[in-house]
>>> print(open('start.pdb').read())   # PDB, C-alpha atoms
ATOM      1  CA  MET A   1     111.375  30.721  69.309
ATOM      2  CA  THR A   2     109.128  30.848  72.373
ATOM      3  CA  ILE A   3     105.332  30.231  72.488
ATOM      4  CA  ASP A   4     103.194  32.650  74.403
ATOM      5  CA  PHE A   5     100.681  30.288  76.007
ATOM      6  CA  TRP A   6      98.968  33.138  77.719
ATOM      7  CA  GLY A   7      98.413  34.894  74.494
ATOM      8  CA  LEU A   8      97.089  31.697  72.885
ATOM      9  CA  GLY A   9      94.839  31.120  75.816
ATOM     10  CA  LEU A  10      93.417  34.585  75.609
ATOM     11  CA  GLN A  11      92.806  34.199  71.878
ATOM     12  CA  ALA A  12      91.124  30.860  72.476
ATOM     13  CA  VAL A  13      88.928  32.484  75.104
ATOM     14  CA  ASN A  14      88.130  35.280  72.726
ATOM     15  CA  VAL A  15      87.141  32.751  70.007
ATOM     16  CA  LEU A  16      84.938  30.872  72.459
ATOM     17  CA  ILE A  17      83.330  34.090  73.569
ATOM     18  CA  LEU A  18      82.811  35.106  69.938
ATOM     19  CA  VAL A  19      81.278  31.749  69.058
ATOM     20  CA  TRP A  20      79.024  31.959  72.079
ATOM     21  CA  LEU A  21      77.962  35.482  71.186
ATOM     22  CA  LEU A  22      77.349  34.510  67.594
ATOM     23  CA  SER A  23      75.298  31.491  68.631
ATOM     24  CA  ARG A  24      73.295  33.538  71.115
ATOM     25  CA  VAL A  25      72.920  36.794  69.234
ATOM     26  CA  PHE A  26      73.103  35.915  65.531
ATOM     27  CA  TRP A  27      72.883  32.222  64.751
ATOM     28  CA  ARG A  28      69.682  31.350  66.608
ATOM     29  CA  PRO A  29      67.589  34.176  65.114
ATOM     30  CA  VAL A  30      68.966  33.356  61.675
ATOM     31  CA  ALA A  31      68.335  29.663  62.207
ATOM     32  CA  ALA A  32      64.832  30.455  63.443
ATOM     33  CA  ALA A  33      64.225  32.693  60.414
ATOM     34  CA  ILE A  34      65.550  29.996  58.103
ATOM     35  CA  ALA A  35      63.375  27.387  59.784
ATOM     36  CA  LYS A  36      60.383  29.667  59.534
ATOM     37  CA  ARG A  37      61.101  30.323  55.890
ATOM     38  CA  GLN A  38      61.505  26.599  55.269
ATOM     39  CA  LYS A  39      58.180  25.941  56.999
ATOM     40  CA  THR A  40      56.508  28.661  54.954
ATOM     41  CA  ALA A  41      58.077  27.258  51.809
ATOM     42  CA  GLN A  42      56.859  23.771  52.715
ATOM     43  CA  GLU A  43      53.362  25.118  53.295
ATOM     44  CA  VAL A  44      53.468  26.972  49.953
ATOM     45  CA  ILE A  45      54.760  23.845  48.251
ATOM     46  CA  GLY A  46      52.067  21.751  49.953
ATOM     47  CA  SER A  47      49.388  24.261  48.900
ATOM     48  CA  ALA A  48      50.807  24.308  45.410
ATOM     49  CA  LYS A  49      50.768  20.522  45.298
ATOM     50  CA  ALA A  50      47.163  20.503  46.558
ATOM     51  CA  THR A  51      46.228  23.105  43.952
ATOM     52  CA  GLN A  52      48.062  21.091  41.317
ATOM     53  CA  ALA A  53      46.215  17.969  42.427
ATOM     54  CA  LYS A  54      42.920  19.843  42.196
ATOM     55  CA  ALA A  55      43.929  21.185  38.795
ATOM     56  CA  ASP A  56      44.896  17.693  37.669
ATOM     57  CA  THR A  57      41.584  16.349  38.951
ATOM     58  CA  ALA A  58      39.685  19.160  37.227
ATOM     59  CA  LEU A  59      41.659  18.541  34.041
ATOM     60  CA  THR A  60      40.882  14.823  34.225
ATOM     61  CA  GLU A  61      37.193  15.539  34.778
ATOM     62  CA  ALA A  62      37.225  18.110  31.970
ATOM     63  CA  THR A  63      38.934  15.584  29.703
ATOM     64  CA  LYS A  64      36.330  12.973  30.597
ATOM     65  CA  ALA A  65      33.525  15.498  30.093
ATOM     66  CA  ARG A  66      35.011  16.525  26.771
ATOM     67  CA  ALA A  67      35.287  12.899  25.734
ATOM     68  CA  GLY A  68      31.649  12.409  26.773
ATOM     69  CA  ILE A  69      30.636  15.494  24.791
ATOM     70  CA  GLU A  70      32.536  14.227  21.768
ATOM     71  CA  GLU A  71      30.849  10.848  22.095
ATOM     72  CA  GLU A  72      27.470  12.535  22.471
ATOM     73  CA  ARG A  73      28.179  14.747  19.462
ATOM     74  CA  ALA A  74      29.275  11.706  17.496
ATOM     75  CA  ALA A  75      26.103   9.879  18.540
ATOM     76  CA  MET A  76      24.025  12.926  17.575
ATOM     77  CA  ARG A  77      25.822  13.138  14.209
ATOM     78  CA  ASP A  78      25.203   9.445  13.607
ATOM     79  CA  ALA A  79      21.540   9.799  14.584
ATOM     80  CA  ALA A  80      21.141  12.884  12.405
ATOM     81  CA  LYS A  81      22.854  11.096   9.520
ATOM     82  CA  ALA A  82      20.596   8.071   9.972
ATOM     83  CA  ASP A  83      17.503  10.305  10.130
ATOM     84  CA  ALA A  84      18.661  12.186   7.034
ATOM     85  CA  GLU A  85      19.263   8.945   5.159
ATOM     86  CA  THR A  86      15.845   7.626   6.204
ATOM     87  CA  ALA A  87      14.145  10.879   5.202
ATOM     88  CA  SER A  88      16.084  10.919   1.935
ATOM     89  CA  LYS A  89      15.044   7.337   1.170
ATOM     90  CA  THR A  90      11.432   8.131   2.057
ATOM     91  CA  ILE A  91      11.411  11.233  -0.133
ATOM     92  CA  LEU A  92      13.136   9.330  -2.934
ATOM     93  CA  ASN A  93      10.636   6.464  -2.697
ATOM     94  CA  GLU A  94       7.714   8.886  -2.647
ATOM     95  CA  ALA A  95       9.162  10.795  -5.607
ATOM     96  CA  ARG A  96       9.754   7.518  -7.478
ATOM     97  CA  ALA A  97       6.204   6.336  -6.718
ATOM     98  CA  GLU A  98       4.772   9.688  -7.816
ATOM     99  CA  ALA A  99       6.883   9.650 -10.984
ATOM    100  CA  GLU A 100       5.757   6.091 -11.741
ATOM    101  CA  ALA A 101       2.128   7.095 -11.158
ATOM    102  CA  ILE A 102       2.523  10.121 -13.438
ATOM    103  CA  LEU A 103       4.231   7.948 -16.051
ATOM    104  CA  ALA A 104       1.492   5.311 -15.806
ATOM    105  CA  ALA A 105      -1.178   7.996 -16.076
ATOM    106  CA  ALA A 106       0.643   9.499 -19.052
ATOM    107  CA  LYS A 107       0.857   6.066 -20.693
ATOM    108  CA  ASP A 108      -2.844   5.498 -20.053
ATOM    109  CA  THR A 109      -3.643   8.931 -21.464
ATOM    110  CA  ILE A 110      -1.451   8.332 -24.502
ATOM    111  CA  SER A 111      -2.979   4.897 -24.998
ATOM    112  CA  HIS A 112      -6.486   6.286 -24.549
ATOM    113  CA  ASP A 113      -5.749   9.164 -26.912
ATOM    114  CA  ALA A 114      -4.214   6.783 -29.422
ATOM    115  CA  ILE A 115      -7.259   4.506 -29.257
ATOM    116  CA  ALA A 116      -9.598   7.492 -29.507
ATOM    117  CA  ALA A 117      -7.590   8.869 -32.449
ATOM    118  CA  ARG A 118      -7.605   5.462 -34.144
ATOM    119  CA  LYS A 119     -11.349   5.126 -33.631
ATOM    120  CA  ALA A 120     -11.872   8.655 -34.910
ATOM    121  CA  ASN A 121      -9.726   7.915 -37.961
ATOM    122  CA  ASP A 122     -11.547   4.634 -38.530
ATOM    123  CA  ALA A 123     -14.884   6.375 -38.171
ATOM    124  CA  GLN A 124     -13.827   9.090 -40.615
ATOM    125  CA  ALA A 125     -12.481   6.514 -43.031
ATOM    126  CA  SER A 126     -15.676   4.453 -42.739
ATOM    127  CA  GLU A 127     -17.850   7.516 -43.212
ATOM    128  CA  LEU A 128     -15.824   8.579 -46.218
ATOM    129  CA  SER A 129     -16.063   5.065 -47.647
ATOM    130  CA  LEU A 130     -19.823   5.080 -47.160
ATOM    131  CA  LYS A 131     -20.122   8.456 -48.841
ATOM    132  CA  ILE A 132     -18.064   7.213 -51.774
ATOM    133  CA  ALA A 133     -20.212   4.066 -51.923
ATOM    134  CA  ALA A 134     -23.358   6.186 -51.874
ATOM    135  CA  ARG A 135     -22.075   8.269 -54.787
ATOM    136  CA  LEU A 136     -21.214   5.151 -56.776
ATOM    137  CA  LEU A 137     -24.547   3.477 -56.011
ATOM    138  CA  GLU A 138     -26.393   6.645 -56.963
ATOM    139  CA  ARG A 139     -24.908   6.353 -60.459
ATOM    140  CA  LEU A 140     -26.200   2.788 -60.746
ATOM    141  CA  ASN A 141     -29.803   3.771 -60.107
ATOM    142  CA  GLY A 142     -31.998   2.934 -63.079
ATOM    143  CA  PRO A 143     -34.980   0.873 -64.250
ATOM    144  CA  THR A 144     -33.214  -2.441 -63.719
ATOM    145  CA  VAL A 145     -32.228  -1.570 -60.163
ATOM    146  CA  GLN A 146     -35.710  -0.202 -59.512
ATOM    147  CA  SER A 147     -37.221  -3.459 -60.738
ATOM    148  CA  VAL A 148     -35.031  -5.422 -58.325
ATOM    149  CA  PHE A 149     -36.077  -3.215 -55.392
ATOM    150  CA  LEU A 150     -39.744  -3.669 -56.374
ATOM    151  CA  SER A 151     -39.330  -7.467 -56.284
ATOM    152  CA  GLN A 152     -37.635  -7.236 -52.885
ATOM    153  CA  LEU A 153     -40.454  -5.009 -51.554
ATOM    154  CA  VAL A 154     -43.119  -7.433 -52.765
ATOM    155  CA  ASP A 155     -41.260 -10.368 -51.195
ATOM    156  CA  ALA A 156     -40.919  -8.455 -47.906
ATOM    157  CA  ILE A 157     -44.675  -7.759 -47.873
ATOM    158  CA  ALA A 158     -45.369 -11.421 -48.552
ATOM    159  CA  ASP A 159     -43.107 -12.431 -45.645
ATOM    160  CA  MET A 160     -45.040 -10.244 -43.191
ATOM    161  CA  PRO A 161     -47.414 -11.938 -40.738
ATOM    162  CA  ALA A 162     -50.963 -12.035 -42.145
ATOM    163  CA  ALA A 163     -52.290  -9.911 -39.257
ATOM    164  CA  ASP A 164     -49.690  -7.181 -39.888
ATOM    165  CA  ARG A 165     -50.327  -7.267 -43.594
ATOM    166  CA  LYS A 166     -54.106  -6.950 -43.014
ATOM    167  CA  ALA A 167     -53.624  -4.050 -40.559
ATOM    168  CA  LEU A 168     -51.401  -2.276 -43.057
ATOM    169  CA  ALA A 169     -53.898  -2.764 -45.896
ATOM    170  CA  SER A 170     -56.833  -1.524 -43.791
ATOM    171  CA  ASP A 171     -55.091   1.625 -42.479
ATOM    172  CA  PRO A 172     -57.594   4.451 -43.115
ATOM    173  CA  LYS A 173     -54.765   6.820 -44.070
ATOM    174  CA  GLY A 174     -53.469   4.434 -46.715
ATOM    175  CA  ILE A 175     -49.800   3.781 -47.448
ATOM    176  CA  GLU A 176     -46.988   5.692 -49.086
ATOM    177  CA  ILE A 177     -44.452   4.359 -51.590
ATOM    178  CA  VAL A 178     -41.207   6.349 -51.472
ATOM    179  CA  SER A 179     -38.567   6.218 -54.213
ATOM    180  CA  ALA A 180     -35.313   8.093 -54.799
ATOM    181  CA  THR A 181     -36.562   9.422 -58.154
ATOM    182  CA  ASP A 182     -39.934   9.893 -59.805
ATOM    183  CA  THR A 183     -41.342   6.489 -60.758
ATOM    184  CA  GLY A 184     -43.151   8.013 -63.721
ATOM    185  CA  ALA A 185     -44.716   5.426 -66.016
ATOM    186  CA  GLU A 186     -43.780   2.627 -63.600
ATOM    187  CA  GLN A 187     -46.288   3.777 -60.963
ATOM    188  CA  GLY A 188     -49.098   1.666 -62.376
ATOM    189  CA  LYS A 189     -47.001  -1.500 -62.331
ATOM    190  CA  ILE A 190     -45.710  -0.767 -58.847
ATOM    191  CA  GLU A 191     -49.193  -0.031 -57.469
ATOM    192  CA  LYS A 192     -50.625  -3.190 -58.996
ATOM    193  CA  GLU A 193     -47.958  -5.479 -57.545
ATOM    194  CA  ILE A 194     -48.199  -3.919 -54.096
ATOM    195  CA  GLN A 195     -51.984  -4.103 -54.110
ATOM    196  CA  THR A 196     -51.697  -7.772 -55.002
ATOM    197  CA  ALA A 197     -49.111  -8.413 -52.264
ATOM    198  CA  LEU A 198     -51.197  -6.637 -49.632
ATOM    199  CA  GLY A 199     -54.501  -8.092 -50.797
ATOM    200  CA  GLY A 200     -55.854  -4.611 -51.512
ATOM    201  CA  THR A 201     -55.546  -1.258 -49.749
ATOM    202  CA  ARG A 202     -57.513   1.949 -49.543
ATOM    203  CA  GLU A 203     -54.914   4.309 -51.007
ATOM    204  CA  ILE A 204     -51.342   4.296 -52.335
ATOM    205  CA  ARG A 205     -49.468   7.594 -52.608
ATOM    206  CA  PHE A 206     -46.124   8.025 -54.394
ATOM    207  CA  THR A 207     -43.429  10.426 -53.112
ATOM    208  CA  THR A 208     -39.729  10.897 -53.718
ATOM    209  CA  ASP A 209     -36.783  11.112 -51.299
ATOM    210  CA  PRO A 210     -33.334  11.514 -52.949
ATOM    211  CA  ASN A 211     -31.702  10.417 -49.701
ATOM    212  CA  LEU A 212     -32.752   6.842 -50.479
ATOM    213  CA  ILE A 213     -30.115   6.793 -53.289
ATOM    214  CA  ALA A 214     -32.134   3.999 -54.908
ATOM    215  CA  GLY A 215     -34.988   1.750 -53.819
ATOM    216  CA  LEU A 216     -38.661   1.561 -52.910
ATOM    217  CA  GLU A 217     -39.844   1.895 -49.305
ATOM    218  CA  LEU A 218     -43.338   1.363 -47.943
ATOM    219  CA  ARG A 219     -44.411   3.776 -45.219
ATOM    220  CA  SER A 220     -47.512   4.296 -43.132
ATOM    221  CA  PRO A 221     -48.189   6.437 -40.040
ATOM    222  CA  HIS A 222     -47.208   3.500 -37.827
ATOM    223  CA  PHE A 223     -44.931   1.345 -39.967
ATOM    224  CA  THR A 224     -41.984   1.585 -42.371
ATOM    225  CA  LEU A 225     -40.639  -1.187 -44.563
ATOM    226  CA  HIS A 226     -37.067  -0.187 -45.432
ATOM    227  CA  ASN A 227     -35.932  -1.245 -48.892
ATOM    228  CA  SER A 228     -33.185   1.063 -50.216
ATOM    229  CA  TRP A 229     -29.481   1.501 -50.561
ATOM    230  CA  ALA A 230     -29.624   4.251 -47.925
ATOM    231  CA  ALA A 231     -31.082   1.731 -45.463
ATOM    232  CA  ASP A 232     -28.398  -0.812 -46.414
ATOM    233  CA  LEU A 233     -25.632   1.760 -45.880
ATOM    234  CA  THR A 234     -27.165   2.652 -42.501
ATOM    235  CA  GLN A 235     -26.920  -0.998 -41.488
ATOM    236  CA  VAL A 236     -23.315  -1.120 -42.705
ATOM    237  CA  ARG A 237     -22.499   2.052 -40.744
ATOM    238  CA  LYS A 238     -24.041   0.572 -37.578
ATOM    239  CA  ALA A 239     -22.116  -2.687 -38.031
ATOM    240  CA  VAL A 240     -18.847  -0.775 -38.438
ATOM    241  CA  LYS A 241     -19.500   1.249 -35.263
ATOM    242  CA  ASP A 242     -20.415  -1.865 -33.299
ATOM    243  CA  ALA A 243     -17.248  -3.621 -34.495
ATOM    244  CA  ALA A 244     -15.109  -0.638 -33.422
TER     245      ALA A 244
END
>>> encode(input="start.pdb", output="structure tokens")
Amino acid sequence: MTIDFWGLGLQAVNVLILVWLLSRVFWRPVAAAIAKRQKTAQEVIGSAKATQAKADTALTEATKARAGIEEERAAMRDAAKADAETASKTILNEARAEAEAILAAAKDTISHDAIAARKANDAQASELSLKIAARLLERLNGPTVQSVFLSQLVDAIADMPAADRKALASDPKGIEIVSATDTGAEQGKIEKEIQTALGGTREIRFTTDPNLIAGLELRSPHFTLHNSWAADLTQVRKAVKDAA
């Protein structure tokens, strides 16, 4: 077998020429295009990284702002809750104070009404008792009782100051002897004893007043000497009212 060196040499030259043509015509523009694309890609990547950094920064700031908003909202909720609790306590205290005042007023009213009712009942009971006593005393009226009242009247006249007794005896209009019933035949005795007690008088008139129940009272235009069961019951009624 023989080797054709000239043929190999020509092929080698052809390969060199082809490589040179490829490097001059094809490879450099392609390499330049690739380099340009790589540069563009790097710029895009750099821009993307910058945008990402800005986005990350914005996200961080937004997160911080959101956290601040949440804290502010929490603070506002706490403040509102505190204000609501304070207002609720104030309203509750005011309502409790008002309720206590109403209750105290109601108790006072009830107590006052109870006292008034008790006094009214006592007054009614006392009045009824006095009316019953008056009815019973009215049945006891008679000569013996009248004689006792006459003695009491004479003693009362005797106990008067001398000047009063003289003024009463010298009254130009005279005096009046009032009894619950007609004194009848006893008038002479009654007039005599009163004249003696007074030391004389111009005139003695006799009248009746059933409201006395029993007794003898001496009356003049300016003076009355009470001496009857009606007067006694009036004193009892006054004492009962004063005690109430």
>>> atom_distance(input="start.pdb", atom1="atom CA of Ala74 of chain A", atom2="atom CA of Leu59 of chain A")
21.8 Å
>>> atom_distance(input="start.pdb", atom1="atom CA of Glu100 of chain A", atom2="atom CA of His112 of chain A")
17.7 Å
>>> resolve_selection(input="start.pdb", expression="the PyMOL selection byres ((chain A and resi 165) around 12)", output="mmCIF file with C-alpha atoms, keeping the file's coordinate frame")
data_model
loop_
_atom_site.group_PDB
_atom_site.id
_atom_site.type_symbol
_atom_site.label_atom_id
_atom_site.label_comp_id
_atom_site.auth_asym_id
_atom_site.auth_seq_id
_atom_site.Cartn_x
_atom_site.Cartn_y
_atom_site.Cartn_z
ATOM 1 C CA VAL A 154 -43.119 -7.433 -52.765
ATOM 2 C CA ALA A 156 -40.919 -8.455 -47.906
ATOM 3 C CA ILE A 157 -44.675 -7.759 -47.873
ATOM 4 C CA ALA A 158 -45.369 -11.421 -48.552
ATOM 5 C CA ASP A 159 -43.107 -12.431 -45.645
ATOM 6 C CA MET A 160 -45.040 -10.244 -43.191
ATOM 7 C CA PRO A 161 -47.414 -11.938 -40.738
ATOM 8 C CA ALA A 162 -50.963 -12.035 -42.145
ATOM 9 C CA ALA A 163 -52.290 -9.911 -39.257
ATOM 10 C CA ASP A 164 -49.690 -7.181 -39.888
ATOM 11 C CA LYS A 166 -54.106 -6.950 -43.014
ATOM 12 C CA ALA A 167 -53.624 -4.050 -40.559
ATOM 13 C CA LEU A 168 -51.401 -2.276 -43.057
ATOM 14 C CA ALA A 169 -53.898 -2.764 -45.896
ATOM 15 C CA SER A 170 -56.833 -1.524 -43.791
ATOM 16 C CA ASP A 171 -55.091 1.625 -42.479
ATOM 17 C CA ILE A 175 -49.800 3.781 -47.448
ATOM 18 C CA ILE A 194 -48.199 -3.919 -54.096
ATOM 19 C CA GLN A 195 -51.984 -4.103 -54.110
ATOM 20 C CA THR A 196 -51.697 -7.772 -55.002
ATOM 21 C CA ALA A 197 -49.111 -8.413 -52.264
ATOM 22 C CA LEU A 198 -51.197 -6.637 -49.632
ATOM 23 C CA GLY A 199 -54.501 -8.092 -50.797
ATOM 24 C CA GLY A 200 -55.854 -4.611 -51.512
ATOM 25 C CA THR A 201 -55.546 -1.258 -49.749
ATOM 26 C CA LEU A 218 -43.338 1.363 -47.943
ATOM 27 C CA SER A 220 -47.512 4.296 -43.132
ATOM 28 C CA PHE A 223 -44.931 1.345 -39.967
ATOM 29 C CA LEU A 225 -40.639 -1.187 -44.563
#
>>> atom_distance(input="start.pdb", atom1="atom CA of Glu186 of chain A", atom2="atom CA of Pro172 of chain A")
24.8 Å
>>> resolve_selection(input="start.pdb", expression="the PyMOL selection byres ((chain A and resi 147) around 12)", output="PyMOL selection string")
chain A and resi 141-146+148-154+179+183+186-187+189-190+193+214-216
>>> write_last_selection(input="start.pdb", atoms="C-alpha atoms", output="mmCIF file, keeping the file's coordinate frame")
data_model
loop_
_atom_site.group_PDB
_atom_site.id
_atom_site.type_symbol
_atom_site.label_atom_id
_atom_site.label_comp_id
_atom_site.auth_asym_id
_atom_site.auth_seq_id
_atom_site.Cartn_x
_atom_site.Cartn_y
_atom_site.Cartn_z
ATOM 1 C CA ASN A 141 -29.803 3.771 -60.107
ATOM 2 C CA GLY A 142 -31.998 2.934 -63.079
ATOM 3 C CA PRO A 143 -34.980 0.873 -64.250
ATOM 4 C CA THR A 144 -33.214 -2.441 -63.719
ATOM 5 C CA VAL A 145 -32.228 -1.570 -60.163
ATOM 6 C CA GLN A 146 -35.710 -0.202 -59.512
ATOM 7 C CA VAL A 148 -35.031 -5.422 -58.325
ATOM 8 C CA PHE A 149 -36.077 -3.215 -55.392
ATOM 9 C CA LEU A 150 -39.744 -3.669 -56.374
ATOM 10 C CA SER A 151 -39.330 -7.467 -56.284
ATOM 11 C CA GLN A 152 -37.635 -7.236 -52.885
ATOM 12 C CA LEU A 153 -40.454 -5.009 -51.554
ATOM 13 C CA VAL A 154 -43.119 -7.433 -52.765
ATOM 14 C CA SER A 179 -38.567 6.218 -54.213
ATOM 15 C CA THR A 183 -41.342 6.489 -60.758
ATOM 16 C CA GLU A 186 -43.780 2.627 -63.600
ATOM 17 C CA GLN A 187 -46.288 3.777 -60.963
ATOM 18 C CA LYS A 189 -47.001 -1.500 -62.331
ATOM 19 C CA ILE A 190 -45.710 -0.767 -58.847
ATOM 20 C CA GLU A 193 -47.958 -5.479 -57.545
ATOM 21 C CA ALA A 214 -32.134 3.999 -54.908
ATOM 22 C CA GLY A 215 -34.988 1.750 -53.819
ATOM 23 C CA LEU A 216 -38.661 1.561 -52.910
#
>>> residues_around(input="start.pdb", residues="Thr208 of chain A", least_positions_apart="4", cutoff="7 Å", atoms="only C-alpha atoms", output="list in words")
Val178, Ser179, Ala180, Thr181 and Asp182 of chain A
